[in-house]
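Asks: Structure incoming, see below.
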Amino acid sequence: MDEDRAEFAVDAASTLGALYADARLERQERNDIMLKNGVLDAASTYVNEGIGIRVITLKGIGFSSTCNLSKESVRKAVKEAFKQAESCRRKAPPRLSEEKRATAVWEVPQKENLSDIDAQQKVDNLLEVDEAISSSGDIPGRMLNLTDKQTKKLVVTSEGTKVTGILPVLICSYFLAVKCGSQVEQSMRRFGRAGGWEGFEQFHVAKDGQHEVEMLQRLMKEGEKSPQGTMDLIVGPDVIGIICHESCGHPMEADRILGREASQAGASFMNEELLGTRVGSDEVTVAEDPTIEHSFGYYGYDDEGVKSRRRLLYKEGMINQFLHNRESAARMGTTSNGAARSSGYNREAIVRMANTFLLPGEYAEEELIEGVNRGIYMKSYTEWNIDDKRYNQKYIGREAYLIEHGEITCMVKRPILEITTPGFWMAVDARGKDLMFRAGNCGKGDPIQEMDVLYGGPTTRLREVFMR
Amino acid sequence: MIENTRYAVKKALELGATEVIVKGVDSCNQQVRFSNNEIDIAKTWFETVLNIFLVYERRVVLTEIRNVEIIDETLKQAVKLARISKENPEYGGIAEGPFKYPDIESDPGLRGITDHADYIMAAINTATEHADTTFGALQVVNERVALSTSQNVEVQDEKTSIELSIRAFSQKEASGHSVTCSSTLKGFDPEKAGKEAGEFARLARDPVQGEEGTYDVILSPLFVGSILNYSVDMTSAFNVLAGRSMYGGKIGEKVASDAVTVIDTPRGLATMRTDDEGVPTTDTHVIEKGVMKTYLHNTSTARAMNTETTANAGLVKPEPLNIWMLPGDYSTEELFQNVKNGLYLTNTWYTRFQNVQTGDFSTIPRDAILVIKNGEIVGSTKNIRVSDNMLQLYLNIEAVAKEQKVVHWWAEVGFPCISSHVLARNVHITRSTE
């Protein structure tokens with residue numbers, strides 16, 4: 001990677017008269033393996049290298065990228081970004097928040113370097129996982145994917161920031177269609193970690209998949225109709241995690257609140273006046289933290305060169321802090337809290353989550369169950385969705401149980417929680433101490449940018465919510 | 001570009017590959033995003049990439065090259081990877097050329113256009129006749145494609161398109177969304193899109209809380225485009241073979257009402273004359289008068305299912321080109337006249353399945369959700385969800401309007417569609433509890 005190209009781009013933009021410019025030079029090496037029904041469908045290997053340039057002038061913001069890193073090509077991209085900025089016709093010049101100039105290098109260490117693991121070993125290991133899962137039941141449809149990627153990224157700004165980041169990531173995922181007689185149920189799971197090949201063992205994919213197969217078969221054989229009515233609900237880490245992501249993380253993204261994503265990924269029911277007001281019970285503190293070592297959403301500095309940090313979005317039930325990049329922070333008269341991320345050199349850095357989770361409490365899982373006279377324990381989910389203002393959401397249980405008089409009595413099929421955001425968070429009554437995470441894939445931006453994220457939390461109890 | 005794809009094929013064969021596809025794409029695409037009636041950012045992407053599909057004795061490898069100086073090195077690595085990979089017994093080869101192709105259809109007028117802001121302002125101006133704020137994006141695509149394969153295929157293509165997506169708000173919870181999408185500048189109408197978005201925003205004013213129940217619904221072309229995307233993607237033979245489809249084992253069976261005919265066509269927003277194997281693209285009747293006729297195939301999946309390719313090869317799996325729901329005999333007004341008590345759903349998002357094999361799903365209507373009484377729009381509602389079964393929803397389509405629209409929008413209508421308003425009976429609507 002010719003690092004001088006980034007400084008060359010920023011200098012070229014300044015020479016043209018830019019008020020501000022930054023350049024992101026990136027190189028990503030990526031390998032994928034895809035198994036379909038136990039057969040290696042395809043392997044792939046990619047090297048993706050290029051530069052993205054953002055230019056701010058009095059009239060607007062321009063962005064251009066190129067995968068050709070010759071000086072002529074980079075100069076052409078800079079000129080184009082400048083021309084695009086000048087075409088925007090903004091009434092007032094765009095602004096970025098004031099931030100400390102940074103010079104840094106960050107890197108996630110690897111115990112077993114991803115580059116040292118040959119394709120044959122990856123295929124063999126994935127086939128072993130497939131065999132272990134497929135031997136546990138009738139699985140007429142199954143897909144397993146393994147991806148490793150190593151990204152080196154350099155961010156240079158006309159303000160003097162220069163940050164290099166090196167991020168190795170390992171991802172494994174599966175889709176299983178499990179059959180029992182004439183019934184079919186499905187499971188999709190994803191595992192992700194920043195670091196080296198040592199992550200593969202830590203995923204325990206085979207064990208997880210086997211549990212899913214056995215659980216789904218039991219559900220199809222023994223599962224009873226889930227009761228309807230107002231009752232207590234316990235949700236497992238998988239479920240509380242997706243809810244933290246959907247109904248806390250997303251509505252707290254400042255660019256959504258400002259309307260920057262309104263015609264695509266949507267807006268938010270939040271506004272600046274709601275800061276400091278109540279959205280949940282005292283039990284609800286949701287953290288957004290990219291600094292957790294080896295986490296799937298880890299980064300040392302964001303894609304604008306701002307140092308990463310933990311943010312508390314909801315704090316003891318109150319709306320506490322939005323997620324910002326420099327553009328949204330300037331519009332709201334504050335500073336960035338390091339949430340600018342892009343999926344590649346050719347995409348603008350927008351406000352994104354990293355690792356979003358409900359802080360744990362002190363209860364054991366058994367204690368939470370004991371405290372329920374009649375209710376549902378939803379450990380995992382299938383279908384889910386939420387409206388584009390992040391207010392009305394639905395989660396359907398996959399692994400779920402009926403609780404009667406403080407004890408689990410049977411499995412139930414597809415219990416449905418359809419509830420508003422404050423309705424959910426206000427009903428939270430107690431939290432377990434078992435903080436766990438799940439790797440996810442978040443889509444936002446236009447063109448859509450898929451982002452590696454983690455979400456989680458402890459087993460969590462809610463009082464008196466409507467279930468069907 | 002064709003020199004590079006030709007060279008890469010030759011080189012890969014020399015290195016030991018048994019079959020090779022090289023698809024080169026040279027693009028200069030532009031996008032302008034706006035919010036609150038102002039432009040946020042204008043972007044241009046310059047990309048030149050060689051996408052490579054390479055086989056060594058039934059071992060399939062995919063790679064890409066963005067720097068032509070490292071073609072040899074990348075191909076060596078790819079062939080090495082193929083040699084140590086595992087045989088795919090299901091792999092059935094690629095198409096044998098040569099083929100004859102129709103003429104290139106692209107619009108030179110879309111190359112290097114500079115008046116993006118004028119188009120956006122035209123849409124904003126008509127939208128704000130009835131709305132206060134607007135949000136959206138304009139996108140211009142200019143791509144040159146060159147395709148060479150080891151099986152006697154060499155073809156070039158050009159793709160141009162322009163599209164604008166606009167969402168207008170008249171109140172915080174009253175919005176309308178519209179798009180204008182065309183492969184030529186002539187067919188692009190930002191004023192009309194802005195006007196429709198603004199009109200929906202006006203009609204959506206003062207929405208009341210929606211109620212659960214079973215409703216007759218009119219679905220807009222944007223809504224229909226979204227559900228077509230999810231369902232027709234499941235007709236890819238790849239997804240059927242992987243168990244990720246509600247259409248598995250349903251060839252020859254009724255999967256929709258008689259009113260529904262769905263064709264995959266090379267003519268639309270994504271006009272293209274060849275698939276990724278070089279097979280000339282053609283109309284494929286996927287669902288005809290409600291009966292499932294075929295899955296979408298490449299050469300390999302077709303051989304696995306003992307049929308012919310439908311010219312839908314992507315480099316990884318068969319994919320739709322443009323999804324076309326054929327028009328019906330009714331005017332849109334006639335559809336409304338056939339609804340006594342119902343809803344008009346103008347857009348949707350976040351469609352998710354409980355189970356892709358059974359088709360149980362829900363989707364969240366967004367933007368204007370309008371109440372219909374005796375064929376007339378009488379108000380608006382909010383906060384509802386369609387919770388139903390996708391196969392049943394298609395079976396419940398009673399009529400399709402004759403007016404058609406090209407729709408393509410963000411990730412929700414990712415494959416371009418040509419769709420109409422449709423009337424569906426007995427659709428299940430749910431809502432959140434507080």
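Going by the structure tokens order, chains are called A, B, ..., each with residues numbered from 1, while ligands are numbered from 1 in the order shown.
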Please determine the contact residues of chain A with respect to chain B at a cut-off of 6 Å, counting only C-alpha atoms, and supply them as a PyMOL selection string.
Replies: chain A and resi 40+42-46+61-67+84+88+141+260+263+382-383+385+392+418-420+423
Asks: Can I get the selected residues back with C-alpha atoms, as a compact mmCIF listing (two decimals), in the first residue's frame?
Replies:
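Writing done, so here's part_22.txt:
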```
# COMPACT_ATOMS: atom_id res chain seq x y z
CA LEU A 40 -17.76 -27.15 -1.31
CA ALA A 42 -17.02 -22.37 -4.21
CA ALA A 43 -13.95 -20.84 -2.63
CA SER A 44 -13.01 -17.26 -3.27
CA THR A 45 -10.08 -14.96 -2.70
CA TYR A 46 -10.08 -11.20 -3.15
CA ILE A 61 -19.43 17.86 0.33
CA GLY A 62 -18.01 15.79 -2.51
CA PHE A 63 -16.74 12.23 -2.45
CA SER A 64 -14.90 10.20 -5.03
CA SER A 65 -13.05 6.91 -5.05
CA THR A 66 -10.86 4.91 -7.34
CA CYS A 67 -9.24 1.51 -7.32
CA GLN A 84 -18.97 17.30 -6.88
CA CYS A 88 -24.08 20.82 -4.15
CA GLY A 141 -31.02 -27.69 3.49
CA ARG A 260 -29.70 12.00 6.56
CA SER A 263 -35.35 7.93 2.41
CA THR A 382 -36.64 -16.24 14.00
CA GLU A 383 -38.54 -13.47 12.23
CA ASN A 385 -38.48 -6.44 12.14
CA ASN A 392 -42.86 -0.64 16.48
CA GLU A 418 -45.08 -7.14 19.01
CA ILE A 419 -44.41 -4.02 21.07
CA THR A 420 -43.32 -0.39 21.02
CA GLY A 423 -43.27 -0.39 25.93
```
Asks: For segment 181-186 of chain A, find every residue with an atom within 12 Å (counting only C-alpha atoms), except residues of its own chain fewer than 4 positions away, and show them as a PyMOL selection string.
Replies: (chain A and resi 137-143+174-177+209+212-221+223+380-383+397-399+413-414) or (chain B and resi 243-246+353-360)
Asks: May I ask which of the residues A:Ser343, A:Thr460, A:Ser70, A:Asn355 is the closest one to Gly371 of chain A, counting only C-alpha atoms?
Replies: A:Thr460
Asks: Could you tell me which of A:Lys153, A:Arg90, A:Lys389, A:His211 comes closest to Ser342 of chain A if we count only C-alpha atoms?
Replies: A:Lys153
Asks: Write out as an mmCIF file with C-alpha atoms, in the first residue's frame the residues lying within 10 Å of Ser226 of chain A, counting only C-alpha atoms and excluding same-chain residues fewer than 6 positions away.
Replies:
```cif
data_model
loop_
_atom_site.group_PDB
_atom_site.id
_atom_site.type_symbol
_atom_site.label_atom_id
_atom_site.label_comp_id
_atom_site.auth_asym_id
_atom_site.auth_seq_id
_atom_site.Cartn_x
_atom_site.Cartn_y
_atom_site.Cartn_z
ATOM 1 C CA GLY A 375 -44.850 -16.406 31.320
ATOM 2 C CA ILE A 376 -42.668 -17.161 28.333
ATOM 3 C CA GLY A 397 -39.353 -16.938 19.355
ATOM 4 C CA ALA A 400 -38.994 -20.792 23.679
ATOM 5 C CA TYR A 401 -40.558 -22.251 26.793
ATOM 6 C CA LEU A 402 -43.595 -21.824 28.983
ATOM 7 C CA CYS A 410 -42.787 -27.188 28.112
ATOM 8 C CA MET A 411 -41.520 -25.842 24.793
ATOM 9 C CA VAL A 412 -43.830 -23.466 22.944
ATOM 10 C CA LYS A 413 -43.982 -22.718 19.226
ATOM 11 C CA ARG A 414 -43.307 -19.275 17.845
ATOM 12 C CA PRO A 415 -44.404 -16.954 20.651
ATOM 13 C CA ILE A 416 -44.853 -13.438 19.249
ATOM 14 C CA MET A 467 -47.775 -12.083 23.984
ATOM 15 C CA ARG A 468 -49.497 -14.127 21.310
#
```
Asks: Which residues, written as a list in words, have at least one atom at most 7 Å from segment 9-20 of chain B, with only C-alpha atoms counted and residues fewer than 3 positions away on the same chain left out?
Replies: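 That gives Thr5, Arg6, Phe53, Leu54, Val55, Tyr56, Glu57, Leu75, Lys76, Val79, Ser148, Thr149 and Ser150 of chain B.
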Asks: Residues as selected, all heavy atoms, written as a short mmCIF file (atom, residue, chain, number, x, y, z; two decimals), in the first residue's frame, can you do that?
Replies:
```
data_model
loop_
_atom_site.label_atom_id
_atom_site.label_comp_id
_atom_site.auth_asym_id
_atom_site.auth_seq_id
_atom_site.Cartn_x
_atom_site.Cartn_y
_atom_site.Cartn_z
N THR B 5 -9.93 -9.07 -20.51
CA THR B 5 -10.71 -10.29 -20.18
C THR B 5 -10.21 -11.46 -21.03
O THR B 5 -10.06 -12.58 -20.54
CB THR B 5 -12.22 -10.08 -20.41
OG1 THR B 5 -12.47 -9.71 -21.76
CG2 THR B 5 -12.77 -9.00 -19.49
N ARG B 6 -9.91 -11.16 -22.30
CA ARG B 6 -9.41 -12.20 -23.20
C ARG B 6 -8.07 -12.75 -22.68
O ARG B 6 -7.85 -13.95 -22.61
CB ARG B 6 -9.22 -11.58 -24.60
CG ARG B 6 -8.95 -12.57 -25.70
CD ARG B 6 -8.72 -11.83 -27.00
NE ARG B 6 -9.89 -11.12 -27.48
CZ ARG B 6 -9.86 -9.97 -28.19
NH1 ARG B 6 -8.70 -9.40 -28.48
NH2 ARG B 6 -10.97 -9.41 -28.61
N PHE B 53 -14.33 -16.24 -12.58
CA PHE B 53 -14.88 -17.53 -12.16
C PHE B 53 -13.99 -18.58 -12.82
O PHE B 53 -13.86 -18.59 -14.05
CB PHE B 53 -16.32 -17.63 -12.67
CG PHE B 53 -16.99 -18.96 -12.48
CD1 PHE B 53 -17.80 -19.20 -11.38
CD2 PHE B 53 -16.83 -19.98 -13.41
CE1 PHE B 53 -18.44 -20.42 -11.22
CE2 PHE B 53 -17.47 -21.20 -13.26
CZ PHE B 53 -18.27 -21.42 -12.15
N LEU B 54 -13.39 -19.41 -12.01
CA LEU B 54 -12.37 -20.30 -12.54
C LEU B 54 -12.58 -21.71 -11.98
O LEU B 54 -12.90 -21.87 -10.81
CB LEU B 54 -11.04 -19.72 -12.09
CG LEU B 54 -9.69 -20.31 -12.35
CD1 LEU B 54 -8.68 -19.18 -12.34
CD2 LEU B 54 -9.36 -21.31 -11.27
N VAL B 55 -12.44 -22.70 -12.86
CA VAL B 55 -12.67 -24.08 -12.43
C VAL B 55 -11.44 -24.92 -12.76
O VAL B 55 -10.86 -24.79 -13.84
CB VAL B 55 -13.91 -24.68 -13.15
CG1 VAL B 55 -14.17 -26.11 -12.67
CG2 VAL B 55 -15.14 -23.82 -12.92
N TYR B 56 -11.04 -25.73 -11.80
CA TYR B 56 -10.03 -26.73 -12.06
C TYR B 56 -10.62 -28.08 -11.66
O TYR B 56 -10.83 -28.34 -10.47
CB TYR B 56 -8.75 -26.45 -11.26
CG TYR B 56 -7.76 -27.59 -11.30
CD1 TYR B 56 -6.99 -27.82 -12.44
CD2 TYR B 56 -7.61 -28.44 -10.22
CE1 TYR B 56 -6.11 -28.87 -12.49
CE2 TYR B 56 -6.73 -29.50 -10.26
CZ TYR B 56 -5.98 -29.71 -11.40
OH TYR B 56 -5.10 -30.77 -11.46
N GLU B 57 -10.94 -28.89 -12.65
CA GLU B 57 -11.51 -30.21 -12.40
C GLU B 57 -12.61 -30.18 -11.33
O GLU B 57 -12.49 -30.78 -10.26
CB GLU B 57 -10.40 -31.20 -12.03
CG GLU B 57 -9.44 -31.42 -13.19
CD GLU B 57 -8.36 -32.44 -12.89
OE1 GLU B 57 -8.28 -32.90 -11.74
OE2 GLU B 57 -7.60 -32.76 -13.81
N LEU B 75 -4.12 -14.74 -10.82
CA LEU B 75 -4.59 -16.00 -11.42
C LEU B 75 -3.80 -17.19 -10.89
O LEU B 75 -4.36 -18.27 -10.66
CB LEU B 75 -4.51 -15.91 -12.94
CG LEU B 75 -5.54 -14.97 -13.59
CD1 LEU B 75 -5.26 -14.82 -15.08
CD2 LEU B 75 -6.96 -15.49 -13.37
N LYS B 76 -2.49 -16.99 -10.69
CA LYS B 76 -1.68 -18.09 -10.13
C LYS B 76 -2.23 -18.49 -8.77
O LYS B 76 -2.37 -19.67 -8.46
CB LYS B 76 -0.23 -17.61 -9.97
CG LYS B 76 0.66 -17.91 -11.15
CD LYS B 76 2.08 -17.48 -10.85
CE LYS B 76 2.80 -17.18 -12.15
NZ LYS B 76 3.98 -16.38 -11.98
N VAL B 79 -5.63 -20.34 -9.21
CA VAL B 79 -5.49 -21.73 -9.69
C VAL B 79 -4.91 -22.60 -8.58
O VAL B 79 -5.35 -23.75 -8.38
CB VAL B 79 -4.62 -21.78 -10.96
CG1 VAL B 79 -4.32 -23.22 -11.35
CG2 VAL B 79 -5.32 -21.05 -12.11
N SER B 148 -15.43 -12.60 -21.41
CA SER B 148 -14.75 -13.65 -22.18
C SER B 148 -14.81 -14.93 -21.38
O SER B 148 -14.68 -14.91 -20.16
CB SER B 148 -13.28 -13.29 -22.41
OG SER B 148 -13.15 -12.08 -23.10
N THR B 149 -14.99 -16.05 -22.07
CA THR B 149 -14.98 -17.33 -21.36
C THR B 149 -14.13 -18.33 -22.14
O THR B 149 -13.81 -18.12 -23.32
CB THR B 149 -16.39 -17.94 -21.17
OG1 THR B 149 -16.78 -18.62 -22.37
CG2 THR B 149 -17.41 -16.88 -20.82
N SER B 150 -13.81 -19.41 -21.46
CA SER B 150 -13.03 -20.48 -22.10
C SER B 150 -13.89 -21.27 -23.08
O SER B 150 -13.37 -22.10 -23.82
CB SER B 150 -12.49 -21.42 -21.03
OG SER B 150 -13.58 -21.89 -20.24
#
```
Asks: I'd like the contact shell of Tyr314 of chain A - 12 Å cut-off, only C-alpha atoms, skipping same-chain residues fewer than 6 positions apart - returned as JSON, numbers by chain.
Replies: {"A": [244, 245, 247, 248, 249, 251, 252, 274, 275, 276, 277, 278, 279, 280, 281, 282, 283, 284, 285, 286, 287, 288, 320, 321, 322, 323, 356, 357, 358, 359, 422, 425, 426]}
Asks: May I have the selected residues written with N, CA, C and O atoms, as a compact mmCIF listing (two decimals), in the first residue's frame?
Replies:
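Saved file result_28.txt follows:
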```txt
# COMPACT_ATOMS: atom_id res chain seq x y z
N CYS A 244 -31.54 -4.48 21.62
CA CYS A 244 -30.62 -3.35 21.87
C CYS A 244 -30.21 -2.70 20.54
O CYS A 244 -30.14 -1.47 20.42
N HIS A 245 -29.91 -3.54 19.57
CA HIS A 245 -29.46 -3.03 18.27
C HIS A 245 -30.58 -2.25 17.57
O HIS A 245 -30.35 -1.14 17.09
N SER A 247 -33.79 -1.22 18.70
CA SER A 247 -34.65 -0.21 19.30
C SER A 247 -33.90 0.68 20.30
O SER A 247 -34.52 1.45 21.02
N CYS A 248 -32.58 0.55 20.31
CA CYS A 248 -31.77 1.52 21.05
C CYS A 248 -30.67 2.06 20.13
O CYS A 248 -30.58 3.26 19.90
N GLY A 249 -29.84 1.16 19.61
CA GLY A 249 -28.73 1.62 18.77
C GLY A 249 -29.19 2.43 17.56
O GLY A 249 -28.76 3.57 17.35
N PRO A 251 -32.18 3.94 16.71
CA PRO A 251 -32.83 5.26 16.90
C PRO A 251 -31.90 6.31 17.48
O PRO A 251 -32.19 7.51 17.40
N MET A 252 -30.78 5.88 18.08
CA MET A 252 -29.86 6.84 18.69
C MET A 252 -28.76 7.28 17.72
O MET A 252 -27.84 8.00 18.12
N LEU A 274 -35.58 15.02 23.34
CA LEU A 274 -35.83 13.83 24.17
C LEU A 274 -34.61 13.43 25.01
O LEU A 274 -34.72 12.56 25.88
N LEU A 275 -33.45 14.03 24.75
CA LEU A 275 -32.28 13.72 25.58
C LEU A 275 -32.61 14.03 27.04
O LEU A 275 -33.14 15.10 27.36
N GLY A 276 -32.30 13.10 27.92
CA GLY A 276 -32.58 13.30 29.34
C GLY A 276 -33.97 12.89 29.77
O GLY A 276 -34.31 13.01 30.96
N THR A 277 -34.78 12.40 28.85
CA THR A 277 -36.11 11.93 29.22
C THR A 277 -36.11 10.40 29.31
O THR A 277 -35.19 9.74 28.84
N ARG A 278 -37.16 9.86 29.90
CA ARG A 278 -37.20 8.42 30.19
C ARG A 278 -37.71 7.62 29.00
O ARG A 278 -38.70 7.97 28.38
N VAL A 279 -37.03 6.50 28.75
CA VAL A 279 -37.46 5.57 27.70
C VAL A 279 -37.63 4.17 28.27
O VAL A 279 -38.27 3.31 27.68
N GLY A 280 -37.05 3.91 29.45
CA GLY A 280 -37.12 2.57 30.03
C GLY A 280 -37.07 2.63 31.55
O GLY A 280 -37.00 3.71 32.15
N SER A 281 -37.05 1.44 32.15
CA SER A 281 -36.98 1.37 33.61
C SER A 281 -35.55 1.67 34.08
O SER A 281 -34.62 1.73 33.26
N ASP A 282 -35.38 1.79 35.39
CA ASP A 282 -34.04 2.04 35.94
C ASP A 282 -33.05 0.93 35.59
O ASP A 282 -31.84 1.13 35.65
N GLU A 283 -33.58 -0.23 35.24
CA GLU A 283 -32.71 -1.38 34.94
C GLU A 283 -32.01 -1.26 33.59
O GLU A 283 -31.13 -2.05 33.27
N VAL A 284 -32.43 -0.28 32.81
CA VAL A 284 -31.99 -0.24 31.40
C VAL A 284 -30.81 0.70 31.19
O VAL A 284 -30.96 1.94 31.18
N THR A 285 -29.62 0.12 31.04
CA THR A 285 -28.46 0.88 30.58
C THR A 285 -27.88 0.13 29.39
O THR A 285 -27.45 -1.03 29.52
N VAL A 286 -27.91 0.77 28.23
CA VAL A 286 -27.43 0.14 27.00
C VAL A 286 -26.13 0.82 26.58
O VAL A 286 -26.08 2.03 26.39
N ALA A 287 -25.09 -0.01 26.47
CA ALA A 287 -23.77 0.51 26.08
C ALA A 287 -23.51 0.24 24.60
O ALA A 287 -24.02 -0.73 24.03
N GLU A 288 -22.72 1.12 24.03
CA GLU A 288 -22.27 0.95 22.64
C GLU A 288 -20.74 1.12 22.72
O GLU A 288 -20.25 2.21 22.98
N ASN A 320 -29.68 9.05 26.84
CA ASN A 320 -28.46 9.66 27.37
C ASN A 320 -27.56 10.29 26.32
O ASN A 320 -27.10 11.40 26.48
N GLN A 321 -27.28 9.54 25.24
CA GLN A 321 -26.24 10.02 24.32
C GLN A 321 -26.47 9.45 22.93
O GLN A 321 -26.64 8.25 22.77
N PHE A 322 -26.46 10.32 21.91
CA PHE A 322 -26.60 9.84 20.53
C PHE A 322 -25.24 9.37 20.02
O PHE A 322 -24.20 9.75 20.55
N LEU A 323 -25.28 8.57 18.96
CA LEU A 323 -24.04 8.19 18.27
C LEU A 323 -23.76 9.22 17.18
O LEU A 323 -24.65 9.57 16.40
N THR A 356 -23.21 -3.40 20.74
CA THR A 356 -24.31 -2.77 21.46
C THR A 356 -24.92 -3.78 22.42
O THR A 356 -25.29 -4.89 22.00
N PHE A 357 -25.03 -3.42 23.69
CA PHE A 357 -25.52 -4.43 24.65
C PHE A 357 -26.09 -3.79 25.90
O PHE A 357 -25.72 -2.70 26.31
N LEU A 358 -27.01 -4.54 26.50
CA LEU A 358 -27.58 -4.16 27.79
C LEU A 358 -26.59 -4.57 28.88
O LEU A 358 -26.10 -5.72 28.88
N LEU A 359 -26.28 -3.67 29.80
CA LEU A 359 -25.36 -4.03 30.88
C LEU A 359 -25.99 -5.10 31.76
O LEU A 359 -27.20 -5.09 32.00
N PRO A 422 -40.64 2.13 23.84
CA PRO A 422 -40.75 2.40 25.28
C PRO A 422 -41.52 1.30 26.01
O PRO A 422 -41.23 0.99 27.16
N TRP A 425 -38.87 -1.35 26.85
CA TRP A 425 -37.82 -0.98 27.83
C TRP A 425 -38.40 -0.64 29.20
O TRP A 425 -37.76 -0.86 30.22
N MET A 426 -39.62 -0.10 29.22
CA MET A 426 -40.24 0.24 30.52
C MET A 426 -40.62 -1.03 31.30
O MET A 426 -40.75 -1.00 32.52
```
Asks: Extract the full set of strand (DSSP E or B) residues from segment 183-231 of chain B according to DSSP on the backbone, and format it as a list in words.
Replies: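 Filtering segment 183-231 of chain B down to strand (DSSP E or B) leaves Val208, Gln209, Gly213, Thr214, Tyr215, Asp216, Val217, Ile218 and Leu219 of chain B.
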Asks: For Met390 of chain B, which residue among B:Leu164, B:Lys186, B:Lys405, B:Leu228 is the nearest when counting only C-alpha atoms?
Replies: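 Comparing B:Leu164, B:Lys186, B:Lys405, B:Leu228 against Met390 of chain B, the winner is B:Leu228.
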Asks: Counting only C-alpha atoms, what is within 6 Å of segment 193-209 of chain B, bar same-chain residues fewer than 3 positions away, as a list in words?
Replies: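 The contact residues come out as Ala123, Ile124, Thr126, Ala127, His130, Ala131, Arg167, Ala168, Phe169, Ser170, Ala174, Ser175, Gly176, His177, Ser178, Val179, Thr180, Pro190, Ala368, Ser380, Thr381 and Lys382 of chain B.
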Asks: So which residues touch Val217 of chain B within 12 Å, counting only C-alpha atoms, skipping near sequence neighbours fewer than 3 positions away, as a PyMOL selection string?
Replies: chain B and resi 213-214+220+223-224+335-346+365+369-373+375+386+393+396-399+421-429
Asks: Rounded to one decimal in Å, what is the spacing between atom CA of Pro327 of chain B and atom CA of Asp103 of chain B?
Replies: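 Distance reported for this atom pair: 26.5 Å.
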Asks: Do you have the atom CA of Ala132 of chain A-atom CA of Pro168 of chain A distance handy?
Replies: 27.2 Å
